[in-house]
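A short write-up of the structure that comes next.
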Amino acid sequence: MNYISDIESISLKISLNELGDFIKSKNESPVRCAVFNKEFPSHYNSLMTDNVIFARNQEEFQKWKNWDKNGHPEDSNNVAAYIFDDLYVSFYGALEWKGHIISSPEVTQGYALGGFQQPAISEKLNSPARIIENPCFVCMGWGADIYGHLIVEMLPRLMVAFTEFLPYIPDTKFLIDSLSPGWFIDFLKTEVGILPTQIEFYDSRIEKILLKKSVLITQLINKDFHPATQFYFDDVLSKSKIEKNSAIKNVFLTRTFLGQSLRGSFCPNEVEIAKIAAQEFGYTVLPPETLPLKEQMRIFANADSIIGIAGSSLHTAVFAKAGTKIGSIEPNSDLQHKISKLKKQKIWYMNFESGFRQVINSDKFRYFIDDIITGNKNKISKFYMSELNIEESNIKTRINMALDTDDVLDEDIFNINYVENVGSILVHKSGLGDVKNTNSLNSGPSWATHPIEGFMLVLCDDLKNKVVSRYYGADGVWSEWKSAGKFVGTTGSGKAICGYSIKILDEWKNEYAVEFSGTFSDGTFIFPSENECFCGKIQPLTAMQIAFYRKDTVSE
């Protein structure tokens with residue numbers, strides 16, 4: 001498959017005043033007609049707070065900070081159109097000219113190219129084409145049935161065609177993918193002003209179109225949004241006559257009414273988080289898909305803060321005013337950051353809890369939302385969480401979400417007097433996930449077969465600062481010692497540990513002792529080892545038993 005990676009290098013240049021005559025002519029070369037010269041706005045200030053508390057780790061936070069630095073409006077495309085003779089619009093928006101797929105980033109988003117290379121689509125690119133003689137604007141592409149792509153990418157391109165080029169070539173129609181939802185087509189008619197007679201529909205799933213004359217509108221986003229994009233979103237607001245007042249000032253976007261396949265990152269405790277936002281902080285909980293786009297635009301345009309799990313629904317912030325505070329949970333790209341740059345909005349990020357089935361930590365969320373509303377920092381906030389608080393909260397969340405077992409410690413093995421209410425152990429097992437036993441430090445029955453990938457000791461106050469543990473890997477290497485409450489091993493990696501060791505710290509050895517045992521995948525049981533001894537072999541560990549006791553209470 002051949003590609004055209006830079007249209008501008010093979011195009012001629014004309015002005016807007018020459019556009020009408022050129023549309024009526026026949027020319028083999030694409031012609032470029034620009035609207036704006038590049039703009040170089042002054043450097044913007046950081047959009048983020050310096051608070052790292054919402055990140056899973058320092059690396060995650062640094063990635064967000066890099067979004068502040070990467071991509072500048074001056075790196076964006078010029079706003080322009082390319083006029084082609086005999087341009088094919090193929091499946092899901094693929095553009096072909098003279099046997100080449102147009103991959104130039106000016107008109108084709110990089111994420112779409114992989115889709116065009118799929119065998120099922122590649123075969124269709126050679127299908128017969130339906131010919132359209134009337135000149136058409138081409139403004140759509142891959143993702144015409146997805147809300148975020150429609151609003152952020154395709155709507156501004158349609159506005160460029162309608163505002164800048166249609167006055168010079170009024171007989172040109174808009175090529176609209178029939179995959180586009182009805183609400184979007186209605187919006188183009190009622191709010192933008194595109195007449196039904198100005199629309200030429202095609203179905204990107206089954207049709208290939210040959211446009212005898214086409215006006216291909218450039219993307220307004222590449223490394224960043226072109227600064228002019230602000231004008232087009234404002235123009236949509238103006239045409240829609242959006243009111244500049246609303247009783248709703250703080251919005252939490254919920255996706256609980258959507259089918260799971262449409263939600264993106266699924267969060268099982270989203271209802272709990274929505275209740276916190278509404279009941280404790282006065283937020284309006286909004287399922288945006290239940291409202292017409294114009295009503296969503298009105299709410300966003302008047303809101304002071306908008307919070308939601310990252311995704312298409314939050315992208316409606318393109319209609320929010322400068323200074324609006326955006327809270328993005330579990331961001332998977334820098335697109336929301338680019339929107340905030342364009343609109344001069346402040347942005348906050350937070351993650352799901354790592355390894356906790358995409359749960360939002362409720363205490364961290366309180367701090368997150370409090371920081372957005374008040375701008376409080378660290379200990380000034382009544383919801384401030386120290387690193388220790390966060391760690392303890394994470395442990396509690398993980399224990400609460402883990403699978404339960406009812407197995408109890410086999411006390412005959414040890415013949416000692418235990419520390420009572422010592423705590424619990426959580427193990428991560430291949431094929432099961434997190435499993436806990438709150439009755440004792442027993443990972444499960446000795447005949448268990450699921451390999452253990454890691455574990456965490458959750459100990460009582462008497463012991464939690466006096467104990468460390470480590471694991472023995474299949475490569476024959478010991479991990480570093482970690483204190484109680486820290487996870488030892490991995491989750492979801494499929495790498496079983498082959499042994500473990502626990503020790504009492506030196507300053508407590510005269511007061512406490514620990515014994516532990518293990519069962520392995522080949523059925524071997526290794527009898528209790530004493531403090532810091534090795535309990536392992538080069539076989540996956542499948543069960544653990546641990547006991548702590550005070551040295552002055554050993555049975556006679």
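Ordering of the structure tokens sets the chain letters (A, B, ...); residue numbers start at 1 within each chain; ligands are numbered from 1 in the order shown.
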- [ ] Pick out the residues sitting within 8 Å of region 440-455 of chain A, and hand them over as an NGL selection string; count only C-alpha atoms, and ignore anything fewer than 3 positions along from it in its own chain.
- [x] :A and (405 or 407-409 or 421-432 or 435-437 or 471 or 487-497 or 519 or 521 or 523 or 540-547)
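Within 6 Å of Lys325 (chain A), once only C-alpha atoms are used and residues closer than 4 positions along the same chain are dropped, the contacting residues are Ser305, Lys346 and Ile347 of chain A.
In this structure, CA of Phe525 (chain A) sits 12.5 Å away from CA of Cys498 (chain A).
Among A:Lys466, A:Lys249, A:Gly282, A:Trp64, the residue with the shortest atom-to-atom distance to Asn332 (chain A), counting only C-alpha atoms, is A:Trp64.
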